[in-house]
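Source file: data16.cif; contents: mmCIF, N, CA and C atoms.
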data_upload
#
loop_
_atom_site.group_PDB
_atom_site.id
_atom_site.type_symbol
_atom_site.label_atom_id
_atom_site.label_comp_id
_atom_site.auth_asym_id
_atom_site.auth_seq_id
_atom_site.Cartn_x
_atom_site.Cartn_y
_atom_site.Cartn_z
ATOM 1 N N MET Q 342 40.183 -77.684 -95.187
ATOM 2 C CA MET Q 342 40.384 -77.282 -93.814
ATOM 3 C C MET Q 342 39.157 -77.613 -92.967
ATOM 4 N N ARG Q 343 37.979 -77.497 -93.571
ATOM 5 C CA ARG Q 343 36.742 -77.761 -92.847
ATOM 6 C C ARG Q 343 36.696 -79.192 -92.317
ATOM 7 N N GLN Q 344 37.198 -80.131 -93.098
ATOM 8 C CA GLN Q 344 37.158 -81.523 -92.673
ATOM 9 C C GLN Q 344 38.025 -81.768 -91.442
ATOM 10 N N TYR Q 345 39.027 -80.946 -91.244
ATOM 11 C CA TYR Q 345 39.880 -81.091 -90.073
ATOM 12 C C TYR Q 345 39.262 -80.439 -88.845
ATOM 13 N N LEU Q 346 38.711 -79.245 -89.021
ATOM 14 C CA LEU Q 346 38.168 -78.507 -87.877
ATOM 15 C C LEU Q 346 36.906 -79.136 -87.309
ATOM 16 N N PHE Q 347 36.131 -79.788 -88.157
ATOM 17 C CA PHE Q 347 34.884 -80.371 -87.692
ATOM 18 C C PHE Q 347 34.971 -81.883 -87.544
ATOM 19 N N GLY Q 348 36.160 -82.404 -87.338
ATOM 20 C CA GLY Q 348 36.340 -83.819 -87.090
ATOM 21 C C GLY Q 348 35.800 -84.190 -85.712
ATOM 22 N N THR Q 349 35.438 -85.441 -85.548
ATOM 23 C CA THR Q 349 34.827 -85.865 -84.288
ATOM 24 C C THR Q 349 35.778 -85.734 -83.110
ATOM 25 N N GLY Q 350 37.058 -85.928 -83.332
ATOM 26 C CA GLY Q 350 38.025 -85.807 -82.242
ATOM 27 C C GLY Q 350 38.106 -84.400 -81.695
ATOM 28 N N ILE Q 351 38.176 -83.427 -82.590
ATOM 29 C CA ILE Q 351 38.254 -82.029 -82.170
ATOM 30 C C ILE Q 351 36.945 -81.601 -81.514
ATOM 31 N N LEU Q 352 35.817 -81.992 -82.107
ATOM 32 C CA LEU Q 352 34.527 -81.606 -81.534
ATOM 33 C C LEU Q 352 34.345 -82.182 -80.126
ATOM 34 N N SER Q 353 34.725 -83.419 -79.929
ATOM 35 C CA SER Q 353 34.577 -84.003 -78.596
ATOM 36 C C SER Q 353 35.543 -83.363 -77.598
ATOM 37 N N ALA Q 354 36.732 -83.001 -78.041
ATOM 38 C CA ALA Q 354 37.671 -82.325 -77.147
ATOM 39 C C ALA Q 354 37.163 -80.937 -76.763
ATOM 40 N N VAL Q 355 36.584 -80.239 -77.704
ATOM 41 C CA VAL Q 355 36.054 -78.900 -77.413
ATOM 42 C C VAL Q 355 34.869 -78.987 -76.449
ATOM 43 N N THR Q 356 33.961 -79.914 -76.688
ATOM 44 C CA THR Q 356 32.813 -80.037 -75.785
ATOM 45 C C THR Q 356 33.250 -80.496 -74.398
ATOM 46 N N GLY Q 357 34.251 -81.346 -74.326
ATOM 47 C CA GLY Q 357 34.787 -81.742 -73.026
ATOM 48 C C GLY Q 357 35.415 -80.572 -72.297
ATOM 49 N N GLY Q 358 36.115 -79.722 -73.031
ATOM 50 C CA GLY Q 358 36.704 -78.530 -72.438
ATOM 51 C C GLY Q 358 35.654 -77.558 -71.947
ATOM 52 N N MET Q 359 34.554 -77.433 -72.688
ATOM 53 C CA MET Q 359 33.469 -76.558 -72.247
ATOM 54 C C MET Q 359 32.840 -77.078 -70.955
ATOM 55 N N THR Q 360 32.705 -78.380 -70.841
ATOM 56 C CA THR Q 360 32.168 -78.971 -69.619
ATOM 57 C C THR Q 360 33.085 -78.695 -68.439
ATOM 58 N N LEU Q 361 34.376 -78.820 -68.642
ATOM 59 C CA LEU Q 361 35.328 -78.536 -67.570
ATOM 60 C C LEU Q 361 35.295 -77.058 -67.175
ATOM 61 N N LEU Q 362 35.156 -76.182 -68.149
ATOM 62 C CA LEU Q 362 35.067 -74.760 -67.839
ATOM 63 C C LEU Q 362 33.808 -74.435 -67.036
ATOM 64 N N ARG Q 363 32.705 -75.109 -67.369
ATOM 65 C CA ARG Q 363 31.470 -74.904 -66.604
ATOM 66 C C ARG Q 363 31.632 -75.347 -65.163
ATOM 67 N N SER Q 364 32.397 -76.411 -64.942
ATOM 68 C CA SER Q 364 32.591 -76.895 -63.575
ATOM 69 C C SER Q 364 33.419 -75.903 -62.752
ATOM 70 N N ILE Q 365 34.292 -75.133 -63.403
ATOM 71 C CA ILE Q 365 35.078 -74.126 -62.694
ATOM 72 C C ILE Q 365 34.182 -72.964 -62.262
ATOM 73 N N ARG Q 366 33.237 -72.601 -63.121
ATOM 74 C CA ARG Q 366 32.361 -71.478 -62.805
ATOM 75 C C ARG Q 366 31.414 -71.772 -61.647
ATOM 76 N N ASN Q 367 31.201 -73.018 -61.335
ATOM 77 C CA ASN Q 367 30.283 -73.394 -60.252
ATOM 78 C C ASN Q 367 30.942 -73.339 -58.884
ATOM 79 N N ASP Q 368 32.116 -72.778 -58.794
ATOM 80 C CA ASP Q 368 32.852 -72.632 -57.535
ATOM 81 C C ASP Q 368 33.073 -73.958 -56.806
ATOM 82 N N GLU Q 369 33.264 -75.014 -57.584
ATOM 83 C CA GLU Q 369 33.596 -76.295 -56.979
ATOM 84 C C GLU Q 369 35.069 -76.273 -56.581
ATOM 85 N N PRO Q 370 35.424 -76.934 -55.499
ATOM 86 C CA PRO Q 370 36.837 -76.944 -55.094
ATOM 87 C C PRO Q 370 37.689 -77.724 -56.104
ATOM 88 N N PHE Q 371 38.911 -77.278 -56.248
ATOM 89 C CA PHE Q 371 39.844 -77.943 -57.165
ATOM 90 C C PHE Q 371 40.442 -79.146 -56.454
ATOM 91 N N THR Q 372 40.079 -80.331 -56.891
ATOM 92 C CA THR Q 372 40.539 -81.575 -56.268
ATOM 93 C C THR Q 372 41.438 -82.328 -57.240
ATOM 94 N N TRP Q 373 41.947 -83.437 -56.783
ATOM 95 C CA TRP Q 373 42.798 -84.249 -57.644
ATOM 96 C C TRP Q 373 41.990 -84.815 -58.808
ATOM 97 N N ARG Q 374 40.694 -85.025 -58.622
ATOM 98 C CA ARG Q 374 39.857 -85.511 -59.714
ATOM 99 C C ARG Q 374 39.719 -84.450 -60.808
ATOM 100 N N THR Q 375 39.616 -83.203 -60.394
ATOM 101 C CA THR Q 375 39.549 -82.108 -61.354
ATOM 102 C C THR Q 375 40.864 -82.002 -62.131
ATOM 103 N N ALA Q 376 41.971 -82.157 -61.433
ATOM 104 C CA ALA Q 376 43.280 -82.110 -62.098
ATOM 105 C C ALA Q 376 43.410 -83.244 -63.117
ATOM 106 N N LEU Q 377 42.943 -84.436 -62.759
ATOM 107 C CA LEU Q 377 42.993 -85.560 -63.697
ATOM 108 C C LEU Q 377 42.062 -85.332 -64.888
ATOM 109 N N ALA Q 378 40.928 -84.694 -64.645
ATOM 110 C CA ALA Q 378 40.011 -84.395 -65.747
ATOM 111 C C ALA Q 378 40.662 -83.434 -66.729
ATOM 112 N N TRP Q 379 41.350 -82.385 -66.218
ATOM 113 C CA TRP Q 379 42.036 -81.451 -67.096
ATOM 114 C C TRP Q 379 43.189 -82.117 -67.844
ATOM 115 N N LEU Q 380 43.906 -82.986 -67.168
ATOM 116 C CA LEU Q 380 44.998 -83.723 -67.814
ATOM 117 C C LEU Q 380 44.449 -84.610 -68.929
ATOM 118 N N SER Q 381 43.359 -85.292 -68.649
ATOM 119 C CA SER Q 381 42.724 -86.144 -69.652
ATOM 120 C C SER Q 381 42.254 -85.329 -70.850
ATOM 121 N N TRP Q 382 41.694 -84.154 -70.590
ATOM 122 C CA TRP Q 382 41.246 -83.295 -71.679
ATOM 123 C C TRP Q 382 42.432 -82.855 -72.537
ATOM 124 N N GLY Q 383 43.528 -82.496 -71.906
ATOM 125 C CA GLY Q 383 44.714 -82.079 -72.654
ATOM 126 C C GLY Q 383 45.262 -83.199 -73.533
ATOM 127 N N ILE Q 384 45.262 -84.400 -73.001
ATOM 128 C CA ILE Q 384 45.736 -85.547 -73.786
ATOM 129 C C ILE Q 384 44.801 -85.807 -74.959
ATOM 130 N N SER Q 385 43.493 -85.726 -74.729
ATOM 131 C CA SER Q 385 42.520 -85.943 -75.805
ATOM 132 C C SER Q 385 42.682 -84.908 -76.913
ATOM 133 N N LEU Q 386 42.884 -83.666 -76.527
ATOM 134 C CA LEU Q 386 43.078 -82.601 -77.511
ATOM 135 C C LEU Q 386 44.367 -82.829 -78.303
ATOM 136 N N ALA Q 387 45.431 -83.211 -77.624
ATOM 137 C CA ALA Q 387 46.700 -83.474 -78.311
ATOM 138 C C ALA Q 387 46.579 -84.634 -79.292
ATOM 139 N N LEU Q 388 45.870 -85.683 -78.913
ATOM 140 C CA LEU Q 388 45.684 -86.824 -79.813
ATOM 141 C C LEU Q 388 44.832 -86.448 -81.025
ATOM 142 N N ALA Q 389 43.811 -85.630 -80.814
ATOM 143 C CA ALA Q 389 42.968 -85.201 -81.935
ATOM 144 C C ALA Q 389 43.767 -84.347 -82.911
ATOM 145 N N ILE Q 390 44.570 -83.446 -82.396
ATOM 146 C CA ILE Q 390 45.403 -82.603 -83.262
ATOM 147 C C ILE Q 390 46.451 -83.456 -83.975
ATOM 148 N N GLY Q 391 47.033 -84.424 -83.281
ATOM 149 C CA GLY Q 391 48.004 -85.317 -83.908
ATOM 150 C C GLY Q 391 47.401 -86.128 -85.039
ATOM 151 N N ALA Q 392 46.162 -86.571 -84.868
ATOM 152 C CA ALA Q 392 45.494 -87.322 -85.934
ATOM 153 C C ALA Q 392 45.241 -86.438 -87.148
ATOM 154 N N ILE Q 393 44.912 -85.179 -86.911
ATOM 155 C CA ILE Q 393 44.698 -84.245 -88.014
ATOM 156 C C ILE Q 393 46.003 -84.017 -88.774
ATOM 157 N N VAL Q 394 47.073 -83.828 -88.037
ATOM 158 C CA VAL Q 394 48.382 -83.605 -88.668
ATOM 159 C C VAL Q 394 48.799 -84.831 -89.472
ATOM 160 N N ASP Q 395 48.617 -86.026 -88.909
ATOM 161 C CA ASP Q 395 48.988 -87.252 -89.625
ATOM 162 C C ASP Q 395 48.157 -87.443 -90.888
ATOM 163 N N THR Q 396 46.869 -87.144 -90.810
ATOM 164 C CA THR Q 396 45.999 -87.278 -91.978
ATOM 165 C C THR Q 396 46.431 -86.324 -93.077
ATOM 166 N N ARG Q 397 46.731 -85.110 -92.709
ATOM 167 C CA ARG Q 397 47.162 -84.115 -93.702
ATOM 168 C C ARG Q 397 48.504 -84.502 -94.322
ATOM 169 N N ARG Q 398 49.434 -84.972 -93.492
ATOM 170 C CA ARG Q 398 50.745 -85.375 -94.028
ATOM 171 C C ARG Q 398 50.609 -86.579 -94.957
ATOM 172 N N ALA Q 399 49.763 -87.548 -94.575
ATOM 173 C CA ALA Q 399 49.578 -88.737 -95.418
ATOM 174 C C ALA Q 399 48.935 -88.364 -96.749
ATOM 175 N N ALA Q 400 47.992 -87.432 -96.734
ATOM 176 C CA ALA Q 400 47.329 -87.016 -97.965
ATOM 177 C C ALA Q 400 48.287 -86.285 -98.895
ATOM 178 N N ARG Q 401 49.324 -85.679 -98.350
ATOM 179 C CA ARG Q 401 50.297 -84.954 -99.170
ATOM 180 C C ARG Q 401 51.488 -85.825 -99.575
ATOM 181 N N GLY Q 402 51.478 -87.094 -99.140
ATOM 182 C CA GLY Q 402 52.518 -88.011 -99.563
ATOM 183 C C GLY Q 402 53.730 -88.071 -98.659
ATOM 184 N N HIS Q 403 53.665 -87.462 -97.509
ATOM 185 C CA HIS Q 403 54.774 -87.496 -96.556
ATOM 186 C C HIS Q 403 54.699 -88.766 -95.705
ATOM 187 N N ALA Q 404 55.829 -89.130 -95.153
ATOM 188 C CA ALA Q 404 55.875 -90.300 -94.281
ATOM 189 C C ALA Q 404 55.243 -89.962 -92.927
ATOM 190 N N ILE Q 405 54.533 -90.939 -92.374
ATOM 191 C CA ILE Q 405 53.942 -90.771 -91.053
ATOM 192 C C ILE Q 405 54.391 -91.921 -90.167
ATOM 193 N N PRO Q 406 54.372 -91.739 -88.852
ATOM 194 C CA PRO Q 406 54.825 -92.798 -87.952
ATOM 195 C C PRO Q 406 53.944 -94.045 -88.031
ATOM 196 N N GLN Q 407 54.537 -95.172 -87.703
ATOM 197 C CA GLN Q 407 53.787 -96.434 -87.760
ATOM 198 C C GLN Q 407 52.733 -96.542 -86.672
ATOM 199 N N ASP Q 408 52.862 -95.788 -85.594
ATOM 200 C CA ASP Q 408 51.869 -95.871 -84.524
ATOM 201 C C ASP Q 408 50.667 -94.962 -84.757
ATOM 202 N N SER Q 409 50.641 -94.287 -85.884
ATOM 203 C CA SER Q 409 49.533 -93.387 -86.208
ATOM 204 C C SER Q 409 48.306 -94.203 -86.624
ATOM 205 N N PRO Q 410 47.107 -93.729 -86.277
ATOM 206 C CA PRO Q 410 45.906 -94.437 -86.713
ATOM 207 C C PRO Q 410 45.689 -94.357 -88.223
ATOM 208 N N VAL Q 411 46.409 -93.476 -88.895
ATOM 209 C CA VAL Q 411 46.267 -93.305 -90.333
ATOM 210 C C VAL Q 411 47.245 -94.203 -91.093
ATOM 211 N N HIS Q 412 48.205 -94.773 -90.387
ATOM 212 C CA HIS Q 412 49.228 -95.597 -91.040
ATOM 213 C C HIS Q 412 48.562 -96.761 -91.785
ATOM 214 N N GLY Q 413 48.958 -96.950 -93.016
ATOM 215 C CA GLY Q 413 48.397 -98.000 -93.852
ATOM 216 C C GLY Q 413 47.310 -97.478 -94.784
ATOM 217 N N LYS Q 414 46.872 -96.250 -94.586
ATOM 218 C CA LYS Q 414 45.825 -95.654 -95.413
ATOM 219 C C LYS Q 414 46.363 -94.505 -96.254
ATOM 220 N N GLU Q 415 47.686 -94.402 -96.345
ATOM 221 C CA GLU Q 415 48.299 -93.272 -97.033
ATOM 222 C C GLU Q 415 47.889 -93.197 -98.500
ATOM 223 N N GLU Q 416 47.915 -94.329 -99.187
ATOM 224 C CA GLU Q 416 47.581 -94.333 -100.608
ATOM 225 C C GLU Q 416 46.135 -93.918 -100.834
ATOM 226 N N LYS Q 417 45.248 -94.399 -99.994
ATOM 227 C CA LYS Q 417 43.833 -94.061 -100.108
ATOM 228 C C LYS Q 417 43.620 -92.560 -99.920
ATOM 229 N N LEU Q 418 44.286 -91.985 -98.927
ATOM 230 C CA LEU Q 418 44.146 -90.555 -98.673
ATOM 231 C C LEU Q 418 44.735 -89.722 -99.798
ATOM 232 N N MET Q 419 45.857 -90.187 -100.364
ATOM 233 C CA MET Q 419 46.479 -89.445 -101.448
ATOM 234 C C MET Q 419 45.600 -89.500 -102.702
ATOM 235 N N LYS Q 420 45.030 -90.668 -102.995
ATOM 236 C CA LYS Q 420 44.144 -90.777 -104.154
ATOM 237 C C LYS Q 420 42.916 -89.886 -103.990
ATOM 238 N N LYS Q 421 42.398 -89.836 -102.785
ATOM 239 C CA LYS Q 421 41.229 -88.989 -102.507
ATOM 240 C C LYS Q 421 41.570 -87.516 -102.732
ATOM 241 N N ARG Q 422 42.758 -87.126 -102.295
ATOM 242 C CA ARG Q 422 43.199 -85.728 -102.453
ATOM 243 C C ARG Q 422 43.409 -85.399 -103.920
ATOM 244 N N LEU Q 423 44.023 -86.323 -104.654
ATOM 245 C CA LEU Q 423 44.279 -86.081 -106.071
ATOM 246 C C LEU Q 423 42.972 -86.049 -106.871
ATOM 247 N N ALA Q 424 41.986 -86.813 -106.446
ATOM 248 C CA ALA Q 424 40.691 -86.809 -107.133
ATOM 249 C C ALA Q 424 39.979 -85.478 -106.949
ATOM 250 N N ARG Q 425 40.209 -84.823 -105.821
ATOM 251 C CA ARG Q 425 39.606 -83.503 -105.581
ATOM 252 C C ARG Q 425 40.325 -82.430 -106.385
ATOM 253 N N GLY Q 426 41.546 -82.709 -106.815
ATOM 254 C CA GLY Q 426 42.286 -81.749 -107.623
ATOM 255 C C GLY Q 426 43.059 -80.720 -106.827
ATOM 256 N N ARG Q 427 43.421 -81.031 -105.599
ATOM 257 C CA ARG Q 427 44.171 -80.065 -104.779
ATOM 258 C C ARG Q 427 45.544 -80.549 -104.513
#

Taking this structure as input, can you express it in the form of structure tokens?
Amino acid sequence: MRQYLFGTGILSAVTGGMTLLRSIRNDEPFTWRTALAWLSWGISLALAIGAIVDTRRAARGHAIPQDSPVHGKEEKLMKKRLARGR
């Protein structure tokens, strides 16, 4: 579980969210740029979570979509998981 929570995608999404929260506390007006920043953060978080889900499914031997960044590495992930004994 640790390898998923401390992945670079999740960490960058969390730090980006903290930056956006800090900008709200500074009483800056909510503009269209702020809305786009929040939308971008939401998309980044969704992609990071999707990559975690795909990695976990591939390691367990389940099928994953072809557009996933993990596609083609399923055997490698499964061998790694089996070598750990889980």

Quiz item: Could you state the separation of atom C of Arg397 in chain Q and atom N of Leu352 in chain Q in Å, given to one decimal place?
Solution: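 Going from atom C of Arg397 in chain Q over to atom N of Leu352 in chain Q covers 17.8 Å.
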
Self-check item: Among the residues Q:Leu386, Q:Leu361, Q:Leu418, Q:Ile351, the one that comes closest to Gly402 in chain Q [using only N, CA and C atoms]
Solution: Q:Leu418

Quiz item: Could you write out, as a ChimeraX atom specification, all the residues of chain Q that DSSP marks as alpha helix (DSSP H)?
Solution: /Q:343-346,349-366,373-400,415-425

Quiz item: Do you have the atom C of Phe371 in chain Q-atom C of Ser385 in chain Q distance handy?
Solution: 21.4 Å

Practice problem: Rank nothing, just name the residue among Q:Asn367, Q:Thr356, Q:Thr349, Q:Thr372 nearest to Ala392 in chain Q, using only C-alpha atoms. | Solution: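 Checking each candidate against Ala392 in chain Q, we get Q:Thr349 as the closest.
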
Quiz prompt | Which residue of Q:Glu369, Q:Ala354, Q:Ser409, Q:Ala404 approaches Gly391 in chain Q most closely, using all atoms listed in the file | solution = Q:Ser409

Practice problem: Kindly indicate which residue among Q:Trp382, Q:Thr375, Q:Lys420, Q:Ala389 lies nearest to Gly357 in chain Q, using all atoms listed in the file for the distances. | Solution: Q:Trp382

Quiz prompt | Interatomic distance, atom N of Gly358 in chain Q to atom C of Trp373 in chain Q (Å, one decimal) | solution =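 Separating atom N of Gly358 in chain Q from atom C of Trp373 in chain Q is a distance of 16.2 Å.
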
Provide range 370-393 of chain Q rebuilt to N, CA, C and O atoms, formatted as a PDB file, in the coordinates of the input.
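Dumped everything to selection.pdb:
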ATOM      1  N   PRO Q 370      35.424 -76.934 -55.499  1.00  0.00           N
ATOM      2  CA  PRO Q 370      36.837 -76.944 -55.094  1.00  0.00           C
ATOM      3  C   PRO Q 370      37.689 -77.724 -56.104  1.00  0.00           C
ATOM      4  O   PRO Q 370      37.225 -78.677 -56.721  1.00  0.00           O
ATOM      5  N   PHE Q 371      38.911 -77.278 -56.248  1.00  0.00           N
ATOM      6  CA  PHE Q 371      39.844 -77.943 -57.165  1.00  0.00           C
ATOM      7  C   PHE Q 371      40.442 -79.146 -56.454  1.00  0.00           C
ATOM      8  O   PHE Q 371      41.203 -79.004 -55.498  1.00  0.00           O
ATOM      9  N   THR Q 372      40.079 -80.331 -56.891  1.00  0.00           N
ATOM     10  CA  THR Q 372      40.539 -81.575 -56.268  1.00  0.00           C
ATOM     11  C   THR Q 372      41.438 -82.328 -57.240  1.00  0.00           C
ATOM     12  O   THR Q 372      41.632 -81.911 -58.382  1.00  0.00           O
ATOM     13  N   TRP Q 373      41.947 -83.437 -56.783  1.00  0.00           N
ATOM     14  CA  TRP Q 373      42.798 -84.249 -57.644  1.00  0.00           C
ATOM     15  C   TRP Q 373      41.990 -84.815 -58.808  1.00  0.00           C
ATOM     16  O   TRP Q 373      42.516 -85.025 -59.892  1.00  0.00           O
ATOM     17  N   ARG Q 374      40.694 -85.025 -58.622  1.00  0.00           N
ATOM     18  CA  ARG Q 374      39.857 -85.511 -59.714  1.00  0.00           C
ATOM     19  C   ARG Q 374      39.719 -84.450 -60.808  1.00  0.00           C
ATOM     20  O   ARG Q 374      39.713 -84.759 -61.999  1.00  0.00           O
ATOM     21  N   THR Q 375      39.616 -83.203 -60.394  1.00  0.00           N
ATOM     22  CA  THR Q 375      39.549 -82.108 -61.354  1.00  0.00           C
ATOM     23  C   THR Q 375      40.864 -82.002 -62.131  1.00  0.00           C
ATOM     24  O   THR Q 375      40.859 -81.796 -63.354  1.00  0.00           O
ATOM     25  N   ALA Q 376      41.971 -82.157 -61.433  1.00  0.00           N
ATOM     26  CA  ALA Q 376      43.280 -82.110 -62.098  1.00  0.00           C
ATOM     27  C   ALA Q 376      43.410 -83.244 -63.117  1.00  0.00           C
ATOM     28  O   ALA Q 376      43.899 -83.034 -64.239  1.00  0.00           O
ATOM     29  N   LEU Q 377      42.943 -84.436 -62.759  1.00  0.00           N
ATOM     30  CA  LEU Q 377      42.993 -85.560 -63.697  1.00  0.00           C
ATOM     31  C   LEU Q 377      42.062 -85.332 -64.888  1.00  0.00           C
ATOM     32  O   LEU Q 377      42.385 -85.728 -66.013  1.00  0.00           O
ATOM     33  N   ALA Q 378      40.928 -84.694 -64.645  1.00  0.00           N
ATOM     34  CA  ALA Q 378      40.011 -84.395 -65.747  1.00  0.00           C
ATOM     35  C   ALA Q 378      40.662 -83.434 -66.729  1.00  0.00           C
ATOM     36  O   ALA Q 378      40.553 -83.604 -67.951  1.00  0.00           O
ATOM     37  N   TRP Q 379      41.350 -82.385 -66.218  1.00  0.00           N
ATOM     38  CA  TRP Q 379      42.036 -81.451 -67.096  1.00  0.00           C
ATOM     39  C   TRP Q 379      43.189 -82.117 -67.844  1.00  0.00           C
ATOM     40  O   TRP Q 379      43.409 -81.845 -69.027  1.00  0.00           O
ATOM     41  N   LEU Q 380      43.906 -82.986 -67.168  1.00  0.00           N
ATOM     42  CA  LEU Q 380      44.998 -83.723 -67.814  1.00  0.00           C
ATOM     43  C   LEU Q 380      44.449 -84.610 -68.929  1.00  0.00           C
ATOM     44  O   LEU Q 380      44.996 -84.651 -70.036  1.00  0.00           O
ATOM     45  N   SER Q 381      43.359 -85.292 -68.649  1.00  0.00           N
ATOM     46  CA  SER Q 381      42.724 -86.144 -69.652  1.00  0.00           C
ATOM     47  C   SER Q 381      42.254 -85.329 -70.850  1.00  0.00           C
ATOM     48  O   SER Q 381      42.393 -85.747 -72.000  1.00  0.00           O
ATOM     49  N   TRP Q 382      41.694 -84.154 -70.590  1.00  0.00           N
ATOM     50  CA  TRP Q 382      41.246 -83.295 -71.679  1.00  0.00           C
ATOM     51  C   TRP Q 382      42.432 -82.855 -72.537  1.00  0.00           C
ATOM     52  O   TRP Q 382      42.340 -82.842 -73.767  1.00  0.00           O
ATOM     53  N   GLY Q 383      43.528 -82.496 -71.906  1.00  0.00           N
ATOM     54  CA  GLY Q 383      44.714 -82.079 -72.654  1.00  0.00           C
ATOM     55  C   GLY Q 383      45.262 -83.199 -73.533  1.00  0.00           C
ATOM     56  O   GLY Q 383      45.640 -82.966 -74.684  1.00  0.00           O
ATOM     57  N   ILE Q 384      45.262 -84.400 -73.001  1.00  0.00           N
ATOM     58  CA  ILE Q 384      45.736 -85.547 -73.786  1.00  0.00           C
ATOM     59  C   ILE Q 384      44.801 -85.807 -74.959  1.00  0.00           C
ATOM     60  O   ILE Q 384      45.243 -86.068 -76.085  1.00  0.00           O
ATOM     61  N   SER Q 385      43.493 -85.726 -74.729  1.00  0.00           N
ATOM     62  CA  SER Q 385      42.520 -85.943 -75.805  1.00  0.00           C
ATOM     63  C   SER Q 385      42.682 -84.908 -76.913  1.00  0.00           C
ATOM     64  O   SER Q 385      42.631 -85.240 -78.100  1.00  0.00           O
ATOM     65  N   LEU Q 386      42.884 -83.666 -76.527  1.00  0.00           N
ATOM     66  CA  LEU Q 386      43.078 -82.601 -77.511  1.00  0.00           C
ATOM     67  C   LEU Q 386      44.367 -82.829 -78.303  1.00  0.00           C
ATOM     68  O   LEU Q 386      44.384 -82.681 -79.531  1.00  0.00           O
ATOM     69  N   ALA Q 387      45.431 -83.211 -77.624  1.00  0.00           N
ATOM     70  CA  ALA Q 387      46.700 -83.474 -78.311  1.00  0.00           C
ATOM     71  C   ALA Q 387      46.579 -84.634 -79.292  1.00  0.00           C
ATOM     72  O   ALA Q 387      47.112 -84.575 -80.414  1.00  0.00           O
ATOM     73  N   LEU Q 388      45.870 -85.683 -78.913  1.00  0.00           N
ATOM     74  CA  LEU Q 388      45.684 -86.824 -79.813  1.00  0.00           C
ATOM     75  C   LEU Q 388      44.832 -86.448 -81.025  1.00  0.00           C
ATOM     76  O   LEU Q 388      45.104 -86.890 -82.145  1.00  0.00           O
ATOM     77  N   ALA Q 389      43.811 -85.630 -80.814  1.00  0.00           N
ATOM     78  CA  ALA Q 389      42.968 -85.201 -81.935  1.00  0.00           C
ATOM     79  C   ALA Q 389      43.767 -84.347 -82.911  1.00  0.00           C
ATOM     80  O   ALA Q 389      43.671 -84.522 -84.131  1.00  0.00           O
ATOM     81  N   ILE Q 390      44.570 -83.446 -82.396  1.00  0.00           N
ATOM     82  CA  ILE Q 390      45.403 -82.603 -83.262  1.00  0.00           C
ATOM     83  C   ILE Q 390      46.451 -83.456 -83.975  1.00  0.00           C
ATOM     84  O   ILE Q 390      46.725 -83.262 -85.161  1.00  0.00           O
ATOM     85  N   GLY Q 391      47.033 -84.424 -83.281  1.00  0.00           N
ATOM     86  CA  GLY Q 391      48.004 -85.317 -83.908  1.00  0.00           C
ATOM     87  C   GLY Q 391      47.401 -86.128 -85.039  1.00  0.00           C
ATOM     88  O   GLY Q 391      48.038 -86.335 -86.080  1.00  0.00           O
ATOM     89  N   ALA Q 392      46.162 -86.571 -84.868  1.00  0.00           N
ATOM     90  CA  ALA Q 392      45.494 -87.322 -85.934  1.00  0.00           C
ATOM     91  C   ALA Q 392      45.241 -86.438 -87.148  1.00  0.00           C
ATOM     92  O   ALA Q 392      45.391 -86.878 -88.294  1.00  0.00           O
ATOM     93  N   ILE Q 393      44.912 -85.179 -86.911  1.00  0.00           N
ATOM     94  CA  ILE Q 393      44.698 -84.245 -88.014  1.00  0.00           C
ATOM     95  C   ILE Q 393      46.003 -84.017 -88.774  1.00  0.00           C
ATOM     96  O   ILE Q 393      46.036 -84.042 -90.004  1.00  0.00           O
TER      97      ILE Q 393
END
